[in-house]
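> Compact mmCIF, C-alpha atoms and all ligand atoms, file input_3.txt:
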```
# COMPACT_ATOMS: atom_id res chain seq x y z
CA MET A 1 10.53 67.44 -16.37
CA SER A 2 9.80 63.71 -16.12
CA LEU A 3 10.06 61.48 -19.18
CA ILE A 4 7.20 59.36 -17.84
CA CYS A 5 3.51 60.27 -18.25
CA ARG A 6 2.16 61.96 -15.12
CA HIS A 7 -0.51 59.34 -14.44
CA ILE A 8 1.94 56.45 -14.95
CA GLU A 9 4.49 58.03 -12.64
CA GLN A 10 1.84 58.21 -9.91
CA LEU A 11 0.67 54.65 -10.52
CA SER A 12 1.27 51.76 -8.12
CA GLY A 13 1.37 48.78 -10.48
CA TYR A 14 -0.59 45.58 -9.93
CA THR A 15 1.04 43.04 -7.60
CA PRO A 16 0.28 39.50 -8.81
CA GLY A 17 -0.10 36.69 -6.28
CA GLU A 18 3.20 35.26 -5.15
CA GLN A 19 4.60 32.34 -7.19
CA PRO A 20 6.80 30.48 -4.70
CA ARG A 21 8.64 27.38 -5.93
CA PHE A 22 9.42 25.08 -3.03
CA GLU A 23 9.65 21.32 -3.31
CA GLY A 24 6.61 19.80 -1.59
CA MET A 25 4.88 23.13 -0.96
CA VAL A 26 1.09 23.40 -0.76
CA LYS A 27 0.17 26.25 -3.10
CA LEU A 28 -3.32 27.53 -2.32
CA ASN A 29 -2.73 31.23 -2.99
CA THR A 30 -3.64 32.08 -6.60
CA ASN A 31 -6.80 30.08 -7.33
CA GLU A 32 -5.12 27.74 -9.78
CA ASN A 33 -6.67 24.34 -10.48
CA PRO A 34 -4.92 21.49 -8.63
CA TYR A 35 -5.62 19.00 -11.44
CA PRO A 36 -3.90 18.81 -14.85
CA PRO A 37 -5.63 20.08 -18.00
CA SER A 38 -7.40 17.74 -20.42
CA PRO A 39 -5.30 14.93 -21.98
CA LYS A 40 -6.52 16.39 -25.29
CA VAL A 41 -4.21 19.32 -24.56
CA GLN A 42 -1.25 16.94 -24.28
CA GLU A 43 -2.25 15.27 -27.57
CA ALA A 44 -2.62 18.60 -29.33
CA LEU A 45 0.79 19.79 -28.14
CA ALA A 46 2.42 16.48 -29.18
CA ALA A 47 0.83 16.74 -32.62
CA PHE A 48 1.81 20.39 -33.06
CA ASP A 49 4.31 20.85 -35.90
CA TRP A 50 6.98 23.07 -34.34
CA GLN A 51 8.08 24.20 -37.79
CA LYS A 52 4.77 26.00 -38.15
CA LEU A 53 5.95 28.43 -35.49
CA ARG A 54 7.61 30.39 -38.30
CA LEU A 55 4.13 31.48 -39.42
CA TYR A 56 1.96 34.11 -37.77
CA PRO A 57 -1.10 32.68 -36.04
CA ASP A 58 -4.71 33.32 -37.09
CA PRO A 59 -5.26 36.96 -36.00
CA ASN A 60 -8.99 36.42 -35.50
CA CYS A 61 -9.01 33.01 -33.76
CA SER A 62 -11.70 31.87 -36.21
CA ARG A 63 -11.93 28.20 -35.15
CA LEU A 64 -11.95 29.16 -31.51
CA ARG A 65 -14.67 31.74 -31.97
CA THR A 66 -16.81 29.18 -33.77
CA LEU A 67 -16.36 26.63 -30.98
CA ILE A 68 -16.97 29.18 -28.19
CA ALA A 69 -20.07 30.41 -30.03
CA GLU A 70 -21.38 26.82 -30.23
CA LEU A 71 -20.73 26.28 -26.52
CA ASN A 72 -22.54 29.46 -25.57
CA HIS A 73 -25.34 29.45 -28.17
CA CYS A 74 -24.42 32.60 -30.03
CA ARG A 75 -22.72 33.67 -33.28
CA PRO A 76 -18.88 33.77 -33.67
CA GLU A 77 -19.20 37.53 -34.27
CA GLN A 78 -20.33 37.82 -30.65
CA VAL A 79 -17.12 36.29 -29.30
CA PHE A 80 -13.79 37.98 -28.49
CA VAL A 81 -10.77 35.83 -27.60
CA GLY A 82 -8.07 37.46 -25.48
CA ASN A 83 -4.62 36.82 -24.05
CA GLY A 84 -6.06 36.04 -20.62
CA SER A 85 -9.02 37.84 -19.08
CA ASP A 86 -6.52 40.45 -18.01
CA GLU A 87 -5.98 41.52 -21.64
CA ILE A 88 -9.73 41.76 -22.17
CA LEU A 89 -10.07 43.93 -19.06
CA ALA A 90 -7.35 46.26 -20.35
CA LEU A 91 -9.00 46.50 -23.78
CA PHE A 92 -12.37 47.08 -22.10
CA THR A 93 -11.04 50.15 -20.27
CA ARG A 94 -9.62 51.48 -23.54
CA ALA A 95 -12.67 50.84 -25.72
CA PHE A 96 -15.51 51.96 -23.46
CA VAL A 97 -14.09 54.53 -21.04
CA GLU A 98 -12.94 58.00 -22.08
CA VAL A 99 -9.86 59.53 -20.46
CA GLY A 100 -11.22 61.06 -17.24
CA GLY A 101 -14.31 58.79 -17.34
CA THR A 102 -15.45 56.60 -14.44
CA VAL A 103 -15.05 52.85 -13.84
CA GLY A 104 -17.39 51.32 -11.27
CA TYR A 105 -16.87 48.05 -9.42
CA PHE A 106 -17.56 46.64 -5.99
CA GLU A 107 -15.04 46.92 -3.19
CA PRO A 108 -13.39 44.59 -2.28
CA THR A 109 -12.90 42.86 -5.62
CA TYR A 110 -10.16 41.89 -8.08
CA SER A 111 -7.54 44.59 -7.53
CA LEU A 112 -6.43 44.78 -11.16
CA TYR A 113 -9.50 46.89 -12.09
CA SER A 114 -8.26 49.99 -10.25
CA VAL A 115 -4.79 49.66 -11.79
CA LEU A 116 -6.18 49.39 -15.34
CA THR A 117 -8.40 52.40 -14.66
CA ALA A 118 -5.37 54.42 -13.55
CA ILE A 119 -3.42 53.32 -16.66
CA ARG A 120 -6.34 54.60 -18.76
CA ASP A 121 -6.15 57.91 -16.84
CA ALA A 122 -9.78 57.40 -15.82
CA LYS A 123 -11.34 57.58 -12.36
CA VAL A 124 -12.20 54.68 -10.10
CA LYS A 125 -15.61 54.65 -8.47
CA PRO A 126 -15.68 51.72 -6.06
CA LEU A 127 -19.00 50.83 -4.47
CA ALA A 128 -18.67 49.24 -1.03
CA LEU A 129 -20.13 45.78 -0.60
CA ARG A 130 -22.48 45.48 2.37
CA SER A 131 -20.93 44.44 5.70
CA ASP A 132 -21.88 40.80 4.95
CA PHE A 133 -20.15 41.15 1.53
CA THR A 134 -23.42 40.97 -0.45
CA THR A 135 -23.94 43.35 -3.37
CA PRO A 136 -26.01 46.54 -3.19
CA MET A 137 -27.70 47.69 -6.43
CA PRO A 138 -25.69 50.40 -8.21
CA GLU A 139 -27.60 53.39 -9.65
CA ALA A 140 -28.34 53.33 -13.38
CA ASP A 141 -25.87 56.20 -13.95
CA TYR A 142 -23.39 55.11 -11.29
CA SER A 143 -20.38 55.19 -13.66
CA ASP A 144 -19.48 55.15 -17.35
CA VAL A 145 -18.75 51.42 -17.21
CA PHE A 146 -19.17 48.85 -14.45
CA ILE A 147 -17.18 45.66 -13.86
CA TRP A 148 -19.21 43.18 -11.81
CA THR A 149 -17.28 40.12 -10.69
CA ASN A 150 -19.67 37.24 -10.21
CA PRO A 151 -18.95 35.15 -8.23
CA ASN A 152 -16.78 37.77 -6.58
CA ALA A 153 -13.13 37.51 -5.60
CA PRO A 154 -11.90 37.47 -2.91
CA THR A 155 -15.26 37.00 -1.18
CA SER A 156 -16.35 33.87 -3.13
CA LEU A 157 -20.00 34.94 -2.94
CA MET A 158 -22.35 35.01 -5.92
CA ALA A 159 -25.00 37.63 -6.60
CA ASP A 160 -28.30 36.36 -8.02
CA PRO A 161 -28.17 36.61 -11.86
CA GLU A 162 -31.62 38.28 -11.61
CA GLN A 163 -29.94 41.23 -9.83
CA LEU A 164 -27.43 41.56 -12.66
CA LYS A 165 -30.19 41.27 -15.24
CA ALA A 166 -32.08 44.12 -13.58
CA PHE A 167 -28.91 46.22 -13.37
CA ALA A 168 -28.02 45.55 -17.03
CA ALA A 169 -31.49 46.67 -18.10
CA ALA A 170 -31.23 49.94 -16.17
CA PHE A 171 -27.52 50.74 -16.59
CA LYS A 172 -26.61 53.49 -19.06
CA GLY A 173 -23.03 52.36 -19.72
CA VAL A 174 -21.27 49.12 -20.66
CA LEU A 175 -21.42 46.33 -18.06
CA LEU A 176 -18.68 43.69 -18.00
CA ILE A 177 -19.54 40.63 -15.90
CA ASP A 178 -16.28 38.94 -14.94
CA GLU A 179 -17.17 35.27 -14.58
CA ALA A 180 -13.69 33.88 -13.95
CA TYR A 181 -15.16 31.39 -11.46
CA ALA A 182 -18.54 30.63 -13.08
CA ASP A 183 -17.79 26.94 -13.70
CA PHE A 184 -17.73 26.40 -9.93
CA ALA A 185 -21.06 28.22 -9.41
CA ALA A 186 -24.67 27.11 -9.49
CA ALA A 187 -25.68 29.75 -12.08
CA ASN A 188 -24.20 32.33 -14.43
CA CYS A 189 -25.10 35.30 -16.63
CA MET A 190 -24.22 33.89 -20.05
CA PRO A 191 -27.94 33.80 -21.03
CA LEU A 192 -27.98 37.57 -20.47
CA ALA A 193 -24.94 38.12 -22.73
CA VAL A 194 -26.46 36.16 -25.63
CA SER A 195 -30.06 37.39 -25.26
CA PRO A 196 -31.29 39.17 -28.42
CA GLY A 197 -32.19 42.40 -26.60
CA ASN A 198 -28.76 42.83 -25.02
CA THR A 199 -26.91 45.96 -26.15
CA ASN A 200 -24.61 46.79 -23.23
CA THR A 201 -23.47 43.62 -21.42
CA LEU A 202 -20.37 41.46 -21.91
CA VAL A 203 -19.75 38.23 -20.02
CA MET A 204 -16.11 37.23 -19.63
CA ARG A 205 -14.60 33.80 -18.89
CA THR A 206 -11.08 32.48 -18.45
CA LEU A 207 -9.41 29.12 -19.04
CA SER A 208 -7.05 29.80 -16.10
CA LYS A 209 -9.25 28.27 -13.41
CA SER A 210 -11.75 25.56 -14.41
CA TYR A 211 -9.72 24.41 -17.44
CA SER A 212 -6.41 24.29 -15.49
CA LEU A 213 -4.67 26.57 -17.99
CA ALA A 214 -3.29 29.53 -16.05
CA GLY A 215 0.06 28.76 -17.69
CA ILE A 216 -1.17 29.79 -21.12
CA ARG A 217 -3.04 33.06 -21.36
CA PHE A 218 -6.60 32.54 -22.57
CA GLY A 219 -9.80 34.40 -21.82
CA TYR A 220 -12.87 35.22 -23.85
CA CYS A 221 -15.91 37.40 -23.69
CA VAL A 222 -19.34 37.18 -25.28
CA GLY A 223 -21.82 39.94 -26.00
CA PRO A 224 -23.35 42.30 -28.57
CA GLN A 225 -21.52 42.34 -31.91
CA PRO A 226 -20.82 46.12 -31.92
CA LEU A 227 -19.03 45.89 -28.56
CA ILE A 228 -17.06 42.84 -29.70
CA GLU A 229 -16.07 44.66 -32.91
CA ALA A 230 -14.80 47.59 -30.84
CA LEU A 231 -12.50 45.22 -28.93
CA TYR A 232 -11.23 43.68 -32.19
CA LYS A 233 -10.41 47.14 -33.54
CA ILE A 234 -7.96 47.89 -30.74
CA LYS A 235 -6.35 44.55 -29.92
CA ASP A 236 -2.76 43.66 -30.85
CA SER A 237 -2.64 42.18 -34.37
CA TYR A 238 -1.76 38.70 -33.12
CA ASN A 239 -2.93 38.76 -29.52
CA MET A 240 -3.35 34.96 -29.30
CA ASP A 241 -0.21 33.02 -30.15
CA ALA A 242 -0.34 29.75 -32.10
CA LEU A 243 0.23 27.52 -29.05
CA ALA A 244 -2.46 29.25 -27.00
CA GLN A 245 -4.91 28.72 -29.88
CA VAL A 246 -4.07 25.02 -30.21
CA VAL A 247 -4.22 24.43 -26.46
CA GLY A 248 -7.40 26.45 -26.01
CA LEU A 249 -9.18 24.58 -28.79
CA ALA A 250 -8.25 21.20 -27.29
CA ALA A 251 -9.29 22.21 -23.77
CA LEU A 252 -12.61 23.72 -24.79
CA SER A 253 -13.35 20.61 -26.89
CA ASP A 254 -13.22 18.49 -23.74
CA GLN A 255 -16.07 19.84 -21.63
CA ALA A 256 -16.39 16.53 -19.78
CA HIS A 257 -12.85 16.81 -18.38
CA MET A 258 -13.44 20.36 -17.18
CA ARG A 259 -16.76 19.41 -15.54
CA THR A 260 -15.28 16.34 -13.80
CA ASN A 261 -12.50 18.44 -12.26
CA ALA A 262 -14.88 21.24 -11.30
CA GLU A 263 -17.14 18.71 -9.51
CA LYS A 264 -14.14 17.26 -7.65
CA ILE A 265 -13.16 20.75 -6.51
CA ILE A 266 -16.74 21.53 -5.46
CA ALA A 267 -16.82 18.33 -3.36
CA THR A 268 -13.51 19.22 -1.67
CA ARG A 269 -14.78 22.78 -1.15
CA THR A 270 -17.84 21.43 0.69
CA SER A 271 -15.85 19.15 2.98
CA LEU A 272 -13.18 21.80 3.71
CA SER A 273 -15.88 24.40 4.51
CA GLU A 274 -17.60 21.99 6.89
CA THR A 275 -14.41 21.07 8.72
CA LEU A 276 -13.35 24.70 9.12
CA ARG A 277 -16.81 25.65 10.42
CA GLN A 278 -16.62 22.82 12.96
CA ARG A 279 -13.31 24.31 14.09
CA GLY A 280 -14.85 27.73 14.69
CA TRP A 281 -14.08 29.44 11.38
CA GLU A 282 -16.62 31.70 9.70
CA VAL A 283 -16.69 30.49 6.09
CA LEU A 284 -18.54 32.44 3.39
CA GLN A 285 -20.80 30.42 1.08
CA SER A 286 -18.35 29.81 -1.77
CA GLU A 287 -19.42 29.52 -5.40
CA THR A 288 -15.79 29.48 -6.54
CA ASN A 289 -12.66 27.31 -6.32
CA PHE A 290 -11.56 29.10 -3.14
CA LEU A 291 -12.84 29.91 0.33
CA PHE A 292 -12.92 33.29 2.01
CA ALA A 293 -12.89 32.45 5.67
CA LYS A 294 -12.34 34.08 9.04
CA PRO A 295 -10.22 31.99 11.39
CA PRO A 296 -10.82 32.01 15.15
CA VAL A 297 -7.27 33.37 15.54
CA GLU A 298 -5.58 36.44 14.04
CA ALA A 299 -5.58 35.97 10.25
CA ALA A 300 -2.29 37.78 9.56
CA ALA A 301 -0.41 35.69 12.12
CA LEU A 302 -1.94 32.48 10.82
CA PHE A 303 -1.03 33.42 7.24
CA ALA A 304 2.60 33.91 8.32
CA ALA A 305 2.62 30.67 10.32
CA LEU A 306 1.32 28.71 7.31
CA ARG A 307 4.02 30.26 5.14
CA GLU A 308 6.65 28.94 7.52
CA GLU A 309 5.25 25.47 6.80
CA HIS A 310 5.34 26.16 3.04
CA ILE A 311 1.56 26.32 2.87
CA PHE A 312 0.69 29.37 0.81
CA VAL A 313 -2.71 31.03 1.08
CA ARG A 314 -3.66 34.66 0.38
CA TYR A 315 -4.04 37.44 2.92
CA PHE A 316 -5.51 40.85 2.05
CA PRO A 317 -4.77 43.37 4.79
CA GLY A 318 -7.37 46.10 5.32
CA GLU A 319 -10.36 46.98 7.39
CA LYS A 320 -12.84 44.75 5.55
CA THR A 321 -10.64 41.84 4.55
CA GLY A 322 -7.92 41.74 7.23
CA ALA A 323 -9.69 39.21 9.45
CA TYR A 324 -10.00 36.66 6.61
CA LEU A 325 -7.84 34.29 4.58
CA ARG A 326 -8.48 33.32 0.99
CA ILE A 327 -7.75 29.65 0.52
CA THR A 328 -7.73 28.01 -2.92
CA VAL A 329 -9.34 24.56 -2.88
CA GLY A 330 -6.58 22.06 -3.62
CA THR A 331 -6.52 18.28 -3.91
CA PRO A 332 -7.85 16.25 -0.96
CA ALA A 333 -4.22 15.51 0.03
CA GLU A 334 -3.29 19.22 0.01
CA VAL A 335 -6.38 20.08 2.03
CA GLU A 336 -5.55 17.34 4.53
CA ARG A 337 -2.04 18.77 5.00
CA LEU A 338 -3.54 22.24 5.50
CA LEU A 339 -6.01 20.94 8.08
CA THR A 340 -3.28 19.03 9.91
CA VAL A 341 -1.12 22.13 10.23
CA LEU A 342 -4.13 24.31 11.13
CA ALA A 343 -5.01 21.96 13.99
CA CYS A 344 -1.87 23.27 15.74
CA TYR A 345 -3.20 26.86 15.70
CA LYS A 346 -6.23 26.87 17.97
CA ALA A 347 -7.82 30.00 19.42
C1 LIG B 1 -12.00 37.89 -10.92
C2 LIG B 1 -10.85 37.59 -11.81
N1 LIG B 1 -10.88 38.03 -13.07
C3 LIG B 1 -9.87 37.78 -13.92
C4 LIG B 1 -8.76 37.08 -13.50
C5 LIG B 1 -7.61 36.90 -14.46
O1 LIG B 1 -7.79 35.82 -15.28
P1 LIG B 1 -6.75 35.46 -16.41
O2 LIG B 1 -5.83 34.45 -15.84
O3 LIG B 1 -7.59 34.92 -17.53
O4 LIG B 1 -6.04 36.73 -16.84
C6 LIG B 1 -8.67 36.61 -12.20
C7 LIG B 1 -7.48 35.89 -11.75
O5 LIG B 1 -7.27 35.52 -10.64
C8 LIG B 1 -9.75 36.87 -11.33
O6 LIG B 1 -9.72 36.47 -10.05
```
Now that the file is in, can you turn its structure into structure tokens?


Amino acid sequence: MSLICRHIEQLSGYTPGEQPRFEGMVKLNTNENPYPPSPKVQEALAAFDWQKLRLYPDPNCSRLRTLIAELNHCRPEQVFVGNGSDEILALFTRAFVEVGGTVGYFEPTYSLYSVLTAIRDAKVKPLALRSDFTTPMPEADYSDVFIWTNPNAPTSLMADPEQLKAFAAAFKGVLLIDEAYADFAAANCMPLAVSPGNTNTLVMRTLSKSYSLAGIRFGYCVGPQPLIEALYKIKDSYNMDALAQVVGLAALSDQAHMRTNAEKIIATRTSLSETLRQRGWEVLQSETNFLFAKPPVEAAALFAALREEHIFVRYFPGEKTGAYLRITVGTPAEVERLLTVLACYKA
């Protein structure tokens, strides 16, 4: 008999995006921010008394919850702070899905959801996006919980918040709106999360993308107090370490820095989309810090050719996604290098 739980033995674990380390490489494969975090982060780290590392950190992230509540116009009791959005997603599947229950999400989307569902020994219930990658409306009893990524990854498209509002009102289970890329989008669903009548909807954000902090693990979600309390009941005692709390507080205190970088990325996104379209690519209307785009040549071959040049983008094989590349928006210099190399690969 196996020593490993049956459902874990059968599990294929999550494969994170590759983290190559080549001198001079152009890394456009994991939707990181090409600009450094706020200088306030540097100041906070310099001022941090290393001797305090002997103490446990605040288990409840009180100062952070107060600041996040101020930023999002809600009470601190409506805020959960997690060790990356990934931790919040894992806790979500434990708190709101029974063993054997169903987890709904659109397909294609962030591939961690299916892995977390399998770890929970629950059932995935993917709902296919339409052929143009827009979102159909799930039934009110589609699944026990639903994770709606908006804007979506890897497609970069955003569903109208009105559609999510209508779904939240009808849906019988808990809805988690994963807004990892919301700071690059024209709208978001935070007003829905903090609205007084909301009983079933959580909106989740991360500091990995717009705040340039993928290197620390920091995500948060906002929603009805009873749901937030359920997450607090099951988290690790000290899920946010002292450095993550200090860095997160400094970064969130500097909204201007985050917005400036997001606007720079949006401007580069616009120019890169236009150039690729002029070169015969089909580029989806991105509301994120990446493009999902169909080259006029075979995507898999182009992906491999770019790799040879140490330009890393993301390729998702498969019937729906196999003709596309996902390209993180880098600095103007990185994008120029990409475009120069791409010019050699014409249809
Ligand atoms: C849709 C989506 N949600 C969540 C995450 C994970 O975010 P974090 O770095 O906060 O764990 C990612 C990371 O790429 C993502 O694309």

> Counting all atoms listed in the file, what is within 7 Å of region 147-159 of chain A, bar same-chain residues fewer than 4 positions away, as a PyMOL selection string?

chain A and resi 104-106+109-110+133+135+163+175-179+181-182+284-288+290-292+326

> Residues within 7 Å of ligand LIG 1 (chain B) (all atoms listed in the file), as a compact mmCIF listing (two decimals) with C-alpha atoms, keeping the file's coordinate frame?


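The result, written out as out.txt:
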```
# COMPACT_ATOMS: atom_id res chain seq x y z
CA THR A 30 -3.64 32.08 -6.60
CA ASN A 31 -6.80 30.08 -7.33
CA GLY A 84 -6.06 36.04 -20.62
CA SER A 85 -9.02 37.84 -19.08
CA ASP A 86 -6.52 40.45 -18.01
CA GLU A 87 -5.98 41.52 -21.64
CA TYR A 110 -10.16 41.89 -8.08
CA THR A 149 -17.28 40.12 -10.69
CA ASN A 152 -16.78 37.77 -6.58
CA ALA A 153 -13.13 37.51 -5.60
CA ASP A 178 -16.28 38.94 -14.94
CA GLU A 179 -17.17 35.27 -14.58
CA ALA A 180 -13.69 33.88 -13.95
CA THR A 206 -11.08 32.48 -18.45
CA LEU A 207 -9.41 29.12 -19.04
CA SER A 208 -7.05 29.80 -16.10
CA ALA A 214 -3.29 29.53 -16.05
CA ARG A 217 -3.04 33.06 -21.36
CA PHE A 218 -6.60 32.54 -22.57
CA GLY A 219 -9.80 34.40 -21.82
```

> Find the distance between CA of Val335 (chain A) and CA of Pro37 (chain A) and write it in Å to one decimal.

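Distance between the two atoms: 20.0 Å.
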
> Which one is closest to Lys235 (chain A): A:Lys320, A:Arg94, A:Lys123, A:Arg205? Count only C-alpha atoms.

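Answer, going by the shortest atom-to-atom distance: A:Arg94.
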
> When you look at Met240 (chain A) with a cut-off of 12 Å (counting all atoms listed in the file), what residues show up, excluding the ones that are within fewer than 6 positions of it in the same chain? I need them as a ChimeraX atom specification.

/A:56-62,64,80-84,87-88,216-220,246-249

> Counting all atoms listed in the file, figure out which residue out of A:Leu302, A:Ala343, A:Leu112, A:Ile4 gets nearest to Gly322 (chain A).

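Closest to Gly322 (chain A), using all atoms listed in the file: A:Leu302.
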
> Around the point (-11.1, 25.3, 9.7) (coordinates from the file), which residues reach within 12 Å if we count only C-alpha atoms? Answer as a VMD selection string.

chain A and resid 269 to 283 291 to 297 302 324 to 325 327 335 to 336 338 to 347

> Around the point (-4.9, 14.5, -17.2) (coordinates from the file), which residues reach within 12 Å if we count only C-alpha atoms? Answer as a ChimeraX atom specification.

/A:34-43,211-212,251,254,256-258,260-261

> Quick one, how far is CA of Thr268 (chain A) from CA of Pro332 (chain A)?

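Distance reported for this atom pair: 6.4 Å.
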
> What does the structure give for the distance between CA of Pro126 (chain A) and CA of Val145 (chain A), in Å to one decimal?

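These two atoms are separated by 11.6 Å.
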
> Given the choices A:Ile228, A:Cys74, A:Ala242, A:Leu116, which gets closest to Trp50 (chain A) if the distance is worked out from all atoms listed in the file?

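Going through A:Ile228, A:Cys74, A:Ala242, A:Leu116 one by one, the smallest distance to Trp50 (chain A) is for A:Ala242.
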
> Using only C-alpha atoms, find the one residue out of A:Asn29, A:Thr117, A:Asn198, A:Gln51 that sits nearest to Asn289 (chain A).

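Using only C-alpha atoms, Asn289 (chain A) sits closest to A:Asn29.
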
> Select, from A:Glu139, A:Met204, A:Glu9, A:Gly318, the residue with the minimum atom-to-atom distance to Pro108 (chain A), counting only C-alpha atoms.

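Using only C-alpha atoms, Pro108 (chain A) sits closest to A:Gly318.
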
> Smallest atom-to-atom distance to Val222 (chain A): which of A:Val79, A:Leu129, A:Leu91, A:Val115, using only C-alpha atoms?

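When distances to Val222 (chain A) are compared using only C-alpha atoms, the smallest one comes from A:Val79.
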
> Tell me, as a JSON list (two decimals) with C-alpha atoms, in the frame of the given file, which residues lie within 9 Å of Arg63 (chain A), counting all atoms listed in the file; anything in the same chain fewer than 4 positions away does not count.


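Saved file around.json follows:
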```
[["chain", "number", "residue", "atom", "x", "y", "z"],
["A", 67, "LEU", "CA", -16.36, 26.63, -30.98],
["A", 68, "ILE", "CA", -16.97, 29.18, -28.19],
["A", 245, "GLN", "CA", -4.91, 28.72, -29.88],
["A", 249, "LEU", "CA", -9.18, 24.58, -28.79]]
```

> Would you kindly return, as JSON, numbers by chain, each protein, DNA or RNA residue with an atom no farther than 10 Å from any atom of Phe96 (chain A), considering all atoms listed in the file and excluding same-chain residues fewer than 3 positions away?

{"A": [91, 92, 93, 99, 101, 103, 144, 145, 173, 174, 175, 227, 230, 231]}

> Atoms to include: C-alpha atoms. Write the selected residues as a PDB file, in the coordinates of the input.


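Listed below is the output, selection-v3.pdb:
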```
ATOM      1  CA  LEU A  91      -9.000  46.500 -23.780  1.00  0.00           C
ATOM      2  CA  PHE A  92     -12.370  47.080 -22.100  1.00  0.00           C
ATOM      3  CA  THR A  93     -11.040  50.150 -20.270  1.00  0.00           C
ATOM      4  CA  VAL A  99      -9.860  59.530 -20.460  1.00  0.00           C
ATOM      5  CA  GLY A 101     -14.310  58.790 -17.340  1.00  0.00           C
ATOM      6  CA  VAL A 103     -15.050  52.850 -13.840  1.00  0.00           C
ATOM      7  CA  ASP A 144     -19.480  55.150 -17.350  1.00  0.00           C
ATOM      8  CA  VAL A 145     -18.750  51.420 -17.210  1.00  0.00           C
ATOM      9  CA  GLY A 173     -23.030  52.360 -19.720  1.00  0.00           C
ATOM     10  CA  VAL A 174     -21.270  49.120 -20.660  1.00  0.00           C
ATOM     11  CA  LEU A 175     -21.420  46.330 -18.060  1.00  0.00           C
ATOM     12  CA  LEU A 227     -19.030  45.890 -28.560  1.00  0.00           C
ATOM     13  CA  ALA A 230     -14.800  47.590 -30.840  1.00  0.00           C
ATOM     14  CA  LEU A 231     -12.500  45.220 -28.930  1.00  0.00           C
TER      15      LEU A 231
END
```
